[in-house]
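A short worksheet on the structure shown next.
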Amino acid sequence: MKRLVLILPLLIQTLTVYPQKESSLQIFENTKKWNREVIQFPIEWAPKFKLTGFEELLFTPNWNKPKNQDYWSLLIGWKINTEQLISLAEIESNFQGYFDGLMKPNHWAKEFPDPKVSFRKDKNDFLGTMTFFDGFHTGKVITVNIRGNQKFEKSLKKSIIKFQISPQEFDHQIWDKLNVIKVTETSTSIFNLDSSWGKERFPFPINFAPEINFNGIAEVRFPPKGWRDPNHENFWSYTYAWKINLDKPITAAELATNLELYFDGLNNLKHNKDLSKYKAIVNIIKIKSLHNNDLFIGRIKTYDRFATNNELELNVLIEAFNYPTEKQSILHFKFSPKHFSHKTWEMLSKIQLNKNK
């Protein structure tokens with residue numbers, strides 16, 4: 001491991017820029033560059049709101065002008081921590097509790113009616129109305145129409161709930177304006193790589209390594225050529241990402257343990273006693289720590305059952321991106337048997353994660 005420390009300056013140059021605000025606390029593809037606000041849950045000013053996670057709000061350009069068609073027209077997205085789909089009744093209750101707290105205090109009046117919210121199912125979506133006191137712009141009671149939907153991500157234990165809001169009727173052109181803004185596609189690749197790279201994607205727990213105790217998504221990407229060719233410079237050189245529910249930074253020891261479980265499972269050691277002598281041995285050290293990023297390097301001894309049926313040694317570079325507000329981390333692995341000074345690592349160093357992920 002000592003020789004790994006010698007190439008520290010080279011590896012630090014590969015640290016991916018992956019800003020938290022853009023990648024972690026984002027729900028919408030803000031293609032119109034509307035004004036944006038992010039609020040983390042729970043909310044002190046809305047005690048009746050019982051969900052955890054965060055929200056993103058996008059405001060139409062003239063949403064604060066009562067005489068404009070944009071008035072009170074906006075998008076609200078909630079990304080909620082949950083074990084199951086949130087019922088429509090629970091969404092309605094929390095939406096009402098949210099706006100109940102949102103309008104207190106205000107400079108228009110000390111006494112005003114509580115918001116009244118009513119949602120009903122509409123195929124896979126829901127529709128509704130809300131009558132509430134406008135404590136921001138007019139000091140009057142107004143009614144808005146609401147169109148919404150929910151997408152539950154079972155593997156990540158999260159739901160994304162989108163609300164489109166406007167006082168205009170549903171046949172008004174403002175709804176076309178709201179429809180232009182889409183929810184960030186969660187099923188797209190974690191990596192910013194084109195389709196020439198091979199791809200495998202599967203949920204945790206991993207079927208061949210169920211002992212790795214995470215919930216989330218794993219994605220593997222293989223270079224266009226050479227991954228299984230022992231004579232190619234890209235042999236066993238690939239990248240891997242784990243997007244997992246983790247509420248604290250991962251340690252070098254935890255990474256080593258889980259990588260050993262991963263490679264032993266990959267080689268099916270549990271059911272192949274002849275390979276027991278090739279049980280993975282992983283050594284990891286942390287070499288860099290930033291505000292929300294940690295950089296690790298290491299060495300892996302394992303077995304190649306895909307090409308050579310021989311013992312295999314891999315170098316690994318790991319970037320851990322920590323998002324404590326979402327209780328989530330993304331672990332970005334880069335593997336190769338080549339020394340870190342080899343040009344193969346120049347290729348691997350250019351691989352970046354999708355900023356929307």
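Residue numbering restarts at 1 in every chain; chains get A, B, ... in the order shown in the structure tokens, and ligands count up from 1 in that same order.
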
Using only C-alpha atoms, which residues sit within 10 Å of A:Asn322 once same-chain residues fewer than 3 positions away are excluded, as a short mmCIF file (atom, residue, chain, number, x, y, z; two decimals) with C-alpha atoms, in the first residue's frame?
```
data_model
loop_
_atom_site.label_atom_id
_atom_site.label_comp_id
_atom_site.auth_asym_id
_atom_site.auth_seq_id
_atom_site.Cartn_x
_atom_site.Cartn_y
_atom_site.Cartn_z
CA GLN A 20 -24.39 18.78 -4.07
CA SER A 24 -28.68 15.90 -4.75
CA LEU A 246 -26.48 5.78 3.73
CA ASP A 247 -26.81 8.47 6.39
CA LYS A 248 -23.10 8.85 7.19
CA PRO A 249 -19.80 8.86 5.26
CA ILE A 250 -18.51 5.38 4.52
CA HIS A 291 -16.71 18.92 2.25
CA ASN A 292 -19.00 16.20 0.87
CA ASN A 293 -16.51 14.05 -1.05
CA ASP A 294 -13.98 11.45 0.06
CA GLU A 319 -14.94 8.58 -4.87
CA THR A 325 -29.85 15.60 3.94
CA GLU A 326 -31.13 12.79 1.69
CA LYS A 327 -29.49 10.04 3.74
CA GLN A 328 -27.85 8.94 0.52
CA SER A 329 -24.37 8.35 -0.89
CA ILE A 330 -22.99 7.61 -4.34
CA LEU A 331 -19.86 5.46 -4.40
#
```

Near-stretch 52-58 of chain A list (9 Å; only C-alpha atoms; drop same-chain fewer than 6 positions) as an mmCIF file with N, CA and C atoms, in the first residue's frame:
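The result, written out as around.cif:
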```
data_model
loop_
_atom_site.group_PDB
_atom_site.id
_atom_site.type_symbol
_atom_site.label_atom_id
_atom_site.label_comp_id
_atom_site.auth_asym_id
_atom_site.auth_seq_id
_atom_site.Cartn_x
_atom_site.Cartn_y
_atom_site.Cartn_z
ATOM 1 N N LEU A 25 -30.114 17.826 -4.376
ATOM 2 C CA LEU A 25 -31.362 18.501 -4.040
ATOM 3 C C LEU A 25 -32.020 19.043 -5.304
ATOM 4 N N GLN A 26 -32.339 18.144 -6.207
ATOM 5 C CA GLN A 26 -32.974 18.517 -7.461
ATOM 6 C C GLN A 26 -34.051 17.508 -7.799
ATOM 7 N N ILE A 27 -35.190 18.017 -8.240
ATOM 8 C CA ILE A 27 -36.298 17.169 -8.666
ATOM 9 C C ILE A 27 -36.675 17.450 -10.116
ATOM 10 N N PHE A 28 -36.671 18.729 -10.513
ATOM 11 C CA PHE A 28 -37.121 19.124 -11.839
ATOM 12 C C PHE A 28 -35.953 19.436 -12.781
ATOM 13 N N ASN A 30 -35.002 22.070 -14.835
ATOM 14 C CA ASN A 30 -35.399 23.480 -14.913
ATOM 15 C C ASN A 30 -34.942 24.095 -16.234
ATOM 16 N N LYS A 33 -35.272 27.895 -16.656
ATOM 17 C CA LYS A 33 -34.510 28.736 -15.728
ATOM 18 C C LYS A 33 -35.428 29.590 -14.853
ATOM 19 N N TRP A 34 -36.539 29.001 -14.416
ATOM 20 C CA TRP A 34 -37.439 29.703 -13.505
ATOM 21 C C TRP A 34 -36.785 29.844 -12.136
ATOM 22 N N ASN A 35 -37.254 30.833 -11.384
ATOM 23 C CA ASN A 35 -36.754 31.002 -10.018
ATOM 24 C C ASN A 35 -37.034 29.731 -9.222
ATOM 25 N N ARG A 36 -36.087 29.373 -8.378
ATOM 26 C CA ARG A 36 -36.093 28.069 -7.724
ATOM 27 C C ARG A 36 -35.830 28.224 -6.235
ATOM 28 N N GLU A 37 -36.470 27.368 -5.468
ATOM 29 C CA GLU A 37 -36.224 27.342 -4.019
ATOM 30 C C GLU A 37 -36.248 25.896 -3.549
ATOM 31 N N VAL A 38 -35.366 25.571 -2.613
ATOM 32 C CA VAL A 38 -35.306 24.236 -2.031
ATOM 33 C C VAL A 38 -35.524 24.353 -0.526
ATOM 34 N N ILE A 39 -36.406 23.502 0.011
ATOM 35 C CA ILE A 39 -36.703 23.496 1.449
ATOM 36 C C ILE A 39 -36.570 22.064 1.944
ATOM 37 N N GLN A 40 -35.862 21.873 3.018
ATOM 38 C CA GLN A 40 -35.676 20.542 3.585
ATOM 39 C C GLN A 40 -36.744 20.266 4.644
ATOM 40 N N PHE A 41 -37.217 19.023 4.671
ATOM 41 C CA PHE A 41 -38.221 18.585 5.641
ATOM 42 C C PHE A 41 -37.535 17.830 6.778
ATOM 43 N N PRO A 42 -38.058 17.857 7.993
ATOM 44 C CA PRO A 42 -39.277 18.552 8.435
ATOM 45 C C PRO A 42 -39.089 20.062 8.476
ATOM 46 N N ILE A 43 -40.226 20.781 8.525
ATOM 47 C CA ILE A 43 -40.222 22.237 8.455
ATOM 48 C C ILE A 43 -40.681 22.804 9.793
ATOM 49 N N LEU A 74 -47.207 27.634 -10.329
ATOM 50 C CA LEU A 74 -45.888 27.136 -9.953
ATOM 51 C C LEU A 74 -45.873 25.625 -9.919
ATOM 52 N N LEU A 75 -44.679 25.088 -9.750
ATOM 53 C CA LEU A 75 -44.476 23.662 -9.570
ATOM 54 C C LEU A 75 -43.883 23.409 -8.197
ATOM 55 N N ILE A 76 -44.378 22.384 -7.530
ATOM 56 C CA ILE A 76 -43.809 21.937 -6.263
ATOM 57 C C ILE A 76 -43.482 20.455 -6.405
ATOM 58 N N GLY A 77 -42.275 20.091 -6.050
ATOM 59 C CA GLY A 77 -41.882 18.690 -6.042
ATOM 60 C C GLY A 77 -41.425 18.276 -4.661
ATOM 61 N N TRP A 78 -41.930 17.156 -4.182
ATOM 62 C CA TRP A 78 -41.484 16.597 -2.895
ATOM 63 C C TRP A 78 -40.727 15.302 -3.171
ATOM 64 N N LYS A 79 -39.553 15.162 -2.582
ATOM 65 C CA LYS A 79 -38.844 13.889 -2.599
ATOM 66 C C LYS A 79 -38.852 13.374 -1.173
ATOM 67 N N ILE A 80 -39.635 12.323 -0.930
ATOM 68 C CA ILE A 80 -39.999 11.898 0.413
ATOM 69 C C ILE A 80 -39.390 10.531 0.731
ATOM 70 N N ASN A 81 -38.879 10.411 1.953
ATOM 71 C CA ASN A 81 -38.398 9.118 2.438
ATOM 72 C C ASN A 81 -39.597 8.267 2.869
ATOM 73 N N THR A 82 -39.750 7.100 2.258
ATOM 74 C CA THR A 82 -40.914 6.281 2.572
ATOM 75 C C THR A 82 -40.668 4.829 2.185
ATOM 76 N N LYS A 158 -38.001 5.869 -1.659
ATOM 77 C CA LYS A 158 -38.340 7.283 -1.815
ATOM 78 C C LYS A 158 -39.511 7.429 -2.779
ATOM 79 N N THR A 325 -28.460 15.134 3.858
ATOM 80 C CA THR A 325 -29.853 15.597 3.936
ATOM 81 C C THR A 325 -30.802 14.598 3.293
ATOM 82 N N GLU A 326 -30.317 13.827 2.344
ATOM 83 C CA GLU A 326 -31.133 12.795 1.694
ATOM 84 C C GLU A 326 -30.855 11.410 2.248
ATOM 85 N N LYS A 327 -29.922 11.329 3.213
ATOM 86 C CA LYS A 327 -29.486 10.036 3.735
ATOM 87 C C LYS A 327 -29.088 9.119 2.582
#
```

Closest pair table for stretch 138-215 of chain A residues within 8 Å of stretch 344-351 of chain A, only C-alpha atoms, as a Markdown table:
```
| residue | atom | partner | partner_atom | distance |
| --- | --- | --- | --- | --- |
| A:Phe191 | CA | A:Ile351 | CA | 7.5 |
| A:Asn192 | CA | A:Ile351 | CA | 7.1 |
| A:Leu193 | CA | A:Ile351 | CA | 7.3 |
```

Using atom CA of A:Ser73 and atom CA of A:Asp176 as the two end points, give the distance in Å to one decimal. 11.6 Å

Report, in Å with one decimal, the straight-line distance from atom CA of A:Phe119 to atom CA of A:Asp70.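 Rounded to one decimal, the two atoms are 22.3 Å apart.
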
Residues near A:Gly216, anyone? I mean within 8 Å using only C-alpha atoms, not counting same-chain ones fewer than 2 positions away, as a PyMOL selection string. chain A and resi 155-156+203-205+214+218+242-245

Applying 7 Å and only C-alpha atoms, which residues near A:Leu295 remain after dropping the ones on its own chain fewer than 6 positions away? List them as a ChimeraX atom specification. /A:286-289,318-320

Would you write out those residues with C-alpha atoms, as a compact mmCIF listing (two decimals), in the first residue's frame?
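Final output, selection04.txt:
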```txt
# COMPACT_ATOMS: atom_id res chain seq x y z
CA LYS A 286 -8.51 7.27 2.35
CA ILE A 287 -6.25 9.85 0.73
CA LYS A 288 -8.47 12.94 0.39
CA SER A 289 -11.47 14.41 2.18
CA ILE A 318 -13.17 5.23 -5.15
CA GLU A 319 -14.94 8.58 -4.87
CA ALA A 320 -17.63 8.75 -2.21
```

Could you check the closest approach to A:Pro61 for each of A:Lys177, A:Lys48, A:Asp114, A:Phe95 and tell me which residue wins, using only C-alpha atoms?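 So, comparing all the options, the nearest one is A:Lys177.
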
For stretch 131-135 of chain A, find every residue with an atom within 6 Å (counting only C-alpha atoms), except residues of its own chain fewer than 4 positions away, and show them as an MDAnalysis selection string. chainID A and resid 103 106 115:116 139:143

What does the file look like for those residues with all heavy atoms, as an mmCIF file, in the first residue's frame?
```
data_model
loop_
_atom_site.group_PDB
_atom_site.id
_atom_site.type_symbol
_atom_site.label_atom_id
_atom_site.label_comp_id
_atom_site.auth_asym_id
_atom_site.auth_seq_id
_atom_site.Cartn_x
_atom_site.Cartn_y
_atom_site.Cartn_z
ATOM 1 N N MET A 103 -48.713 30.289 5.391
ATOM 2 C CA MET A 103 -49.348 31.604 5.420
ATOM 3 C C MET A 103 -49.294 32.284 6.796
ATOM 4 O O MET A 103 -49.885 33.334 6.992
ATOM 5 C CB MET A 103 -50.804 31.492 4.950
ATOM 6 C CG MET A 103 -50.911 31.054 3.505
ATOM 7 S SD MET A 103 -49.901 32.075 2.394
ATOM 8 C CE MET A 103 -49.673 30.969 1.013
ATOM 9 N N ASN A 106 -48.281 36.656 8.379
ATOM 10 C CA ASN A 106 -48.330 37.522 7.207
ATOM 11 C C ASN A 106 -48.732 38.915 7.671
ATOM 12 O O ASN A 106 -49.184 39.100 8.809
ATOM 13 C CB ASN A 106 -49.322 36.992 6.168
ATOM 14 C CG ASN A 106 -50.753 37.019 6.679
ATOM 15 O OD1 ASN A 106 -51.425 38.056 6.634
ATOM 16 N ND2 ASN A 106 -51.222 35.888 7.204
ATOM 17 N N PRO A 115 -56.599 26.625 5.161
ATOM 18 C CA PRO A 115 -56.725 26.117 3.787
ATOM 19 C C PRO A 115 -57.607 24.881 3.740
ATOM 20 O O PRO A 115 -57.645 24.082 4.682
ATOM 21 C CB PRO A 115 -55.281 25.778 3.409
ATOM 22 C CG PRO A 115 -54.566 25.616 4.707
ATOM 23 C CD PRO A 115 -55.230 26.535 5.672
ATOM 24 N N LYS A 116 -58.318 24.735 2.645
ATOM 25 C CA LYS A 116 -59.153 23.559 2.401
ATOM 26 C C LYS A 116 -58.669 22.882 1.128
ATOM 27 O O LYS A 116 -58.667 23.495 0.057
ATOM 28 C CB LYS A 116 -60.625 23.944 2.286
ATOM 29 C CG LYS A 116 -61.218 24.488 3.581
ATOM 30 C CD LYS A 116 -62.699 24.809 3.426
ATOM 31 C CE LYS A 116 -63.287 25.324 4.738
ATOM 32 N NZ LYS A 116 -64.736 25.656 4.603
ATOM 33 N N GLY A 139 -53.614 39.197 0.124
ATOM 34 C CA GLY A 139 -54.357 39.202 1.384
ATOM 35 C C GLY A 139 -55.799 38.778 1.198
ATOM 36 O O GLY A 139 -56.655 39.090 2.042
ATOM 37 N N LYS A 140 -56.065 38.040 0.131
ATOM 38 C CA LYS A 140 -57.419 37.578 -0.144
ATOM 39 C C LYS A 140 -57.455 36.037 -0.184
ATOM 40 O O LYS A 140 -56.431 35.402 -0.345
ATOM 41 C CB LYS A 140 -57.908 38.126 -1.485
ATOM 42 C CG LYS A 140 -57.980 39.653 -1.531
ATOM 43 C CD LYS A 140 -58.429 40.116 -2.913
ATOM 44 C CE LYS A 140 -58.503 41.645 -2.962
ATOM 45 N NZ LYS A 140 -58.915 42.133 -4.315
ATOM 46 N N VAL A 141 -58.658 35.522 -0.032
ATOM 47 C CA VAL A 141 -58.841 34.080 -0.166
ATOM 48 C C VAL A 141 -58.970 33.744 -1.645
ATOM 49 O O VAL A 141 -59.767 34.356 -2.370
ATOM 50 C CB VAL A 141 -60.087 33.603 0.602
ATOM 51 C CG1 VAL A 141 -60.342 32.122 0.334
ATOM 52 C CG2 VAL A 141 -59.910 33.847 2.097
ATOM 53 N N ILE A 142 -58.168 32.783 -2.119
ATOM 54 C CA ILE A 142 -58.195 32.399 -3.524
ATOM 55 C C ILE A 142 -58.329 30.878 -3.630
ATOM 56 O O ILE A 142 -58.138 30.154 -2.654
ATOM 57 C CB ILE A 142 -56.931 32.860 -4.275
ATOM 58 C CG1 ILE A 142 -55.687 32.137 -3.719
ATOM 59 C CG2 ILE A 142 -56.763 34.372 -4.183
ATOM 60 C CD1 ILE A 142 -54.444 32.367 -4.575
ATOM 61 N N THR A 143 -58.663 30.415 -4.814
ATOM 62 C CA THR A 143 -58.748 28.987 -5.090
ATOM 63 C C THR A 143 -57.825 28.655 -6.257
ATOM 64 O O THR A 143 -57.812 29.351 -7.277
ATOM 65 C CB THR A 143 -60.179 28.567 -5.438
ATOM 66 O OG1 THR A 143 -61.022 28.808 -4.297
ATOM 67 C CG2 THR A 143 -60.247 27.080 -5.791
#
```

Which residues in stretch 108-264 of chain A does DSSP call strand (DSSP E)? List them as a ChimeraX atom specification. /A:116-122,125-133,141-153,158-166,182-183,198-203,216-222,238-245

Next, the residues of the selection above should be written as a PDB file, in the first residue's frame with C-alpha atoms.
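What follows is the written file part21.pdb:
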```pdb
ATOM      1  CA  LYS A 116     -59.153  23.559   2.401  1.00  0.00           C
ATOM      2  CA  VAL A 117     -57.663  20.893   0.151  1.00  0.00           C
ATOM      3  CA  SER A 118     -59.455  18.187  -1.805  1.00  0.00           C
ATOM      4  CA  PHE A 119     -57.723  15.612  -4.039  1.00  0.00           C
ATOM      5  CA  ARG A 120     -59.282  12.894  -6.191  1.00  0.00           C
ATOM      6  CA  LYS A 121     -57.705  10.136  -8.269  1.00  0.00           C
ATOM      7  CA  ASP A 122     -57.517  10.658 -12.024  1.00  0.00           C
ATOM      8  CA  ASP A 125     -52.470  10.935 -11.392  1.00  0.00           C
ATOM      9  CA  PHE A 126     -54.610  13.037  -9.096  1.00  0.00           C
ATOM     10  CA  LEU A 127     -56.508  16.290  -9.452  1.00  0.00           C
ATOM     11  CA  GLY A 128     -57.732  18.718  -6.836  1.00  0.00           C
ATOM     12  CA  THR A 129     -58.373  22.198  -5.590  1.00  0.00           C
ATOM     13  CA  MET A 130     -57.216  24.277  -2.691  1.00  0.00           C
ATOM     14  CA  THR A 131     -58.922  27.334  -1.236  1.00  0.00           C
ATOM     15  CA  PHE A 132     -56.563  29.324   0.966  1.00  0.00           C
ATOM     16  CA  PHE A 133     -55.542  32.748   2.205  1.00  0.00           C
ATOM     17  CA  VAL A 141     -58.841  34.080  -0.166  1.00  0.00           C
ATOM     18  CA  ILE A 142     -58.195  32.399  -3.524  1.00  0.00           C
ATOM     19  CA  THR A 143     -58.748  28.987  -5.090  1.00  0.00           C
ATOM     20  CA  VAL A 144     -56.176  27.137  -7.177  1.00  0.00           C
ATOM     21  CA  ASN A 145     -56.436  24.004  -9.276  1.00  0.00           C
ATOM     22  CA  ILE A 146     -53.887  21.249  -8.724  1.00  0.00           C
ATOM     23  CA  ARG A 147     -52.660  18.429 -10.920  1.00  0.00           C
ATOM     24  CA  GLY A 148     -50.276  15.919  -9.395  1.00  0.00           C
ATOM     25  CA  ASN A 149     -48.690  12.511  -9.540  1.00  0.00           C
ATOM     26  CA  GLN A 150     -46.452  10.250  -7.470  1.00  0.00           C
ATOM     27  CA  LYS A 151     -43.582   7.972  -8.477  1.00  0.00           C
ATOM     28  CA  PHE A 152     -42.393   5.502  -5.854  1.00  0.00           C
ATOM     29  CA  GLU A 153     -38.824   4.161  -6.098  1.00  0.00           C
ATOM     30  CA  LYS A 158     -38.340   7.283  -1.815  1.00  0.00           C
ATOM     31  CA  SER A 159     -41.356   8.860  -3.498  1.00  0.00           C
ATOM     32  CA  ILE A 160     -41.331  11.856  -5.796  1.00  0.00           C
ATOM     33  CA  ILE A 161     -44.615  13.768  -5.701  1.00  0.00           C
ATOM     34  CA  LYS A 162     -45.157  16.514  -8.262  1.00  0.00           C
ATOM     35  CA  PHE A 163     -47.760  19.263  -7.924  1.00  0.00           C
ATOM     36  CA  GLN A 164     -48.722  21.670 -10.732  1.00  0.00           C
ATOM     37  CA  ILE A 165     -50.639  24.621  -9.339  1.00  0.00           C
ATOM     38  CA  SER A 166     -52.596  27.479 -10.937  1.00  0.00           C
ATOM     39  CA  LYS A 182     -40.314  17.576 -16.391  1.00  0.00           C
ATOM     40  CA  VAL A 183     -39.224  15.590 -13.371  1.00  0.00           C
ATOM     41  CA  GLY A 198     -21.604  -1.776 -21.890  1.00  0.00           C
ATOM     42  CA  LYS A 199     -24.143  -1.405 -19.096  1.00  0.00           C
ATOM     43  CA  GLU A 200     -25.593  -3.502 -16.306  1.00  0.00           C
ATOM     44  CA  ARG A 201     -27.945  -2.136 -13.662  1.00  0.00           C
ATOM     45  CA  PHE A 202     -29.501  -3.928 -10.694  1.00  0.00           C
ATOM     46  CA  PRO A 203     -30.985  -3.155  -7.281  1.00  0.00           C
ATOM     47  CA  GLY A 216     -30.308   1.373  -3.670  1.00  0.00           C
ATOM     48  CA  ILE A 217     -29.102   0.887  -7.235  1.00  0.00           C
ATOM     49  CA  ALA A 218     -25.844  -0.450  -8.681  1.00  0.00           C
ATOM     50  CA  GLU A 219     -24.684   0.346 -12.204  1.00  0.00           C
ATOM     51  CA  VAL A 220     -21.671  -1.135 -14.007  1.00  0.00           C
ATOM     52  CA  ARG A 221     -20.209   0.336 -17.222  1.00  0.00           C
ATOM     53  CA  PHE A 222     -17.655  -1.470 -19.391  1.00  0.00           C
ATOM     54  CA  TYR A 238     -14.276  -0.643 -15.851  1.00  0.00           C
ATOM     55  CA  THR A 239     -16.337   1.694 -13.683  1.00  0.00           C
ATOM     56  CA  TYR A 240     -19.070   1.021 -11.169  1.00  0.00           C
ATOM     57  CA  ALA A 241     -21.426   3.150  -9.057  1.00  0.00           C
ATOM     58  CA  TRP A 242     -23.500   2.346  -6.008  1.00  0.00           C
ATOM     59  CA  LYS A 243     -26.300   4.809  -5.296  1.00  0.00           C
ATOM     60  CA  ILE A 244     -27.309   3.753  -1.809  1.00  0.00           C
ATOM     61  CA  ASN A 245     -29.212   4.844   1.264  1.00  0.00           C
TER      62      ASN A 245
END
```

Give me, as a list in words, the residues of stretch 40-120 of chain A that a backbone DSSP run labels alpha helix (DSSP H). Leu88, Ala89, Glu90, Ile91, Glu92, Ser93, Asn94, Phe95, Gln96, Gly97, Tyr98, Phe99, Asp100, Gly101 and Leu102 of chain A

Write the residues of the selection above to a file with all heavy atoms, as a compact mmCIF listing (two decimals), in the first residue's frame.
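Writing the result to result_12.txt gives the following:
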```txt
# COMPACT_ATOMS: atom_id res chain seq x y z
N LEU A 88 -53.18 8.88 -1.03
CA LEU A 88 -53.69 10.19 -1.46
C LEU A 88 -54.19 10.99 -0.26
O LEU A 88 -54.02 12.22 -0.20
CB LEU A 88 -54.80 10.00 -2.49
CG LEU A 88 -55.26 11.27 -3.22
CD1 LEU A 88 -54.09 11.91 -3.96
CD2 LEU A 88 -56.39 10.93 -4.19
N ALA A 89 -54.79 10.31 0.71
CA ALA A 89 -55.27 11.00 1.91
C ALA A 89 -54.10 11.61 2.68
O ALA A 89 -54.21 12.73 3.21
CB ALA A 89 -56.03 10.03 2.81
N GLU A 90 -52.97 10.90 2.73
CA GLU A 90 -51.81 11.42 3.45
C GLU A 90 -51.18 12.58 2.69
O GLU A 90 -50.73 13.56 3.29
CB GLU A 90 -50.78 10.30 3.64
CG GLU A 90 -49.64 10.68 4.57
CD GLU A 90 -48.69 9.53 4.83
OE1 GLU A 90 -48.90 8.43 4.26
OE2 GLU A 90 -47.72 9.74 5.59
N ILE A 91 -51.15 12.48 1.36
CA ILE A 91 -50.65 13.61 0.56
C ILE A 91 -51.52 14.83 0.79
O ILE A 91 -51.01 15.95 1.01
CB ILE A 91 -50.63 13.23 -0.94
CG1 ILE A 91 -49.61 12.11 -1.20
CG2 ILE A 91 -50.29 14.45 -1.78
CD1 ILE A 91 -49.66 11.58 -2.62
N GLU A 92 -52.82 14.64 0.77
CA GLU A 92 -53.76 15.75 0.97
C GLU A 92 -53.57 16.38 2.34
O GLU A 92 -53.51 17.61 2.47
CB GLU A 92 -55.19 15.23 0.81
CG GLU A 92 -56.26 16.29 1.01
CD GLU A 92 -57.65 15.70 0.84
OE1 GLU A 92 -58.04 15.41 -0.31
OE2 GLU A 92 -58.34 15.51 1.87
N SER A 93 -53.45 15.56 3.38
CA SER A 93 -53.29 16.07 4.74
C SER A 93 -52.01 16.89 4.89
O SER A 93 -52.00 17.97 5.49
CB SER A 93 -53.30 14.91 5.73
OG SER A 93 -53.00 15.36 7.03
N ASN A 94 -50.92 16.39 4.33
CA ASN A 94 -49.65 17.09 4.45
C ASN A 94 -49.60 18.34 3.59
O ASN A 94 -48.99 19.35 3.98
CB ASN A 94 -48.49 16.16 4.10
CG ASN A 94 -48.13 15.23 5.24
OD1 ASN A 94 -47.42 15.61 6.16
ND2 ASN A 94 -48.64 14.01 5.19
N PHE A 95 -50.24 18.29 2.44
CA PHE A 95 -50.32 19.48 1.59
C PHE A 95 -51.08 20.59 2.30
O PHE A 95 -50.68 21.76 2.29
CB PHE A 95 -51.00 19.13 0.27
CG PHE A 95 -50.81 20.13 -0.83
CD1 PHE A 95 -49.66 20.12 -1.59
CD2 PHE A 95 -51.78 21.09 -1.09
CE1 PHE A 95 -49.48 21.05 -2.62
CE2 PHE A 95 -51.60 22.01 -2.10
CZ PHE A 95 -50.45 22.00 -2.88
N GLN A 96 -52.17 20.22 2.96
CA GLN A 96 -52.94 21.21 3.73
C GLN A 96 -52.13 21.74 4.91
O GLN A 96 -52.12 22.94 5.18
CB GLN A 96 -54.24 20.57 4.22
CG GLN A 96 -55.14 21.53 4.98
CD GLN A 96 -56.55 20.98 5.14
OE1 GLN A 96 -57.11 20.42 4.21
NE2 GLN A 96 -57.12 21.14 6.33
N GLY A 97 -51.43 20.84 5.61
CA GLY A 97 -50.60 21.27 6.72
C GLY A 97 -49.47 22.18 6.29
O GLY A 97 -49.09 23.12 7.00
N TYR A 98 -48.93 21.92 5.11
CA TYR A 98 -47.86 22.75 4.55
C TYR A 98 -48.35 24.18 4.34
O TYR A 98 -47.71 25.15 4.77
CB TYR A 98 -47.39 22.12 3.24
CG TYR A 98 -46.36 22.91 2.48
CD1 TYR A 98 -45.01 22.68 2.67
CD2 TYR A 98 -46.74 23.86 1.54
CE1 TYR A 98 -44.05 23.39 1.95
CE2 TYR A 98 -45.80 24.57 0.83
CZ TYR A 98 -44.46 24.33 1.03
OH TYR A 98 -43.52 25.05 0.32
N PHE A 99 -49.49 24.33 3.66
CA PHE A 99 -49.98 25.67 3.36
C PHE A 99 -50.56 26.36 4.60
O PHE A 99 -50.56 27.58 4.69
CB PHE A 99 -51.01 25.62 2.22
CG PHE A 99 -50.37 25.70 0.87
CD1 PHE A 99 -49.94 24.55 0.23
CD2 PHE A 99 -50.15 26.92 0.25
CE1 PHE A 99 -49.31 24.61 -1.00
CE2 PHE A 99 -49.52 27.00 -0.98
CZ PHE A 99 -49.10 25.84 -1.62
N ASP A 100 -51.02 25.57 5.56
CA ASP A 100 -51.47 26.16 6.81
C ASP A 100 -50.33 26.90 7.50
O ASP A 100 -50.48 28.02 7.99
CB ASP A 100 -52.03 25.07 7.73
CG ASP A 100 -52.51 25.62 9.05
OD1 ASP A 100 -53.41 26.48 9.04
OD2 ASP A 100 -51.97 25.20 10.09
N GLY A 101 -49.14 26.26 7.51
CA GLY A 101 -47.99 26.91 8.11
C GLY A 101 -47.40 27.99 7.24
O GLY A 101 -46.85 28.99 7.74
N LEU A 102 -47.50 27.84 5.91
CA LEU A 102 -46.87 28.76 4.98
C LEU A 102 -47.44 30.18 5.09
O LEU A 102 -46.71 31.15 4.91
CB LEU A 102 -47.05 28.24 3.55
CG LEU A 102 -46.31 28.98 2.44
CD1 LEU A 102 -44.80 28.87 2.62
CD2 LEU A 102 -46.72 28.44 1.06
```

Spatial neighbours of stretch 269-280 of chain A, 8 Å, only C-alpha atoms, chain gap at least 3 places, as a list in words: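 Residues near the query, excluding close chain neighbours: Glu260, Leu261, Phe263, Asp264, Gly265, Leu266, Ile300, Lys301, Thr302, Tyr303 and Glu311 of chain A.
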
Output C-alpha atoms for every residue in that selection, as a JSON list (two decimals), in the first residue's frame.
```
[["chain", "number", "residue", "atom", "x", "y", "z"],
["A", 260, "GLU", "CA", -14.64, -8.49, -0.57],
["A", 261, "LEU", "CA", -18.28, -9.58, -0.37],
["A", 263, "PHE", "CA", -15.96, -10.08, -5.55],
["A", 264, "ASP", "CA", -16.52, -13.31, -3.61],
["A", 265, "GLY", "CA", -20.15, -13.23, -4.69],
["A", 266, "LEU", "CA", -19.19, -12.42, -8.26],
["A", 300, "ILE", "CA", -7.82, -6.04, -4.60],
["A", 301, "LYS", "CA", -6.71, -9.66, -4.87],
["A", 302, "THR", "CA", -9.44, -11.80, -6.38],
["A", 303, "TYR", "CA", -10.14, -14.31, -9.17],
["A", 311, "GLU", "CA", -5.79, -14.99, -9.80]]
```

Separation of atom CA of A:Asn215 and atom CA of A:Phe333, in Å?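 Atom-to-atom, atom CA of A:Asn215 and atom CA of A:Phe333 are spaced 17.4 Å apart.
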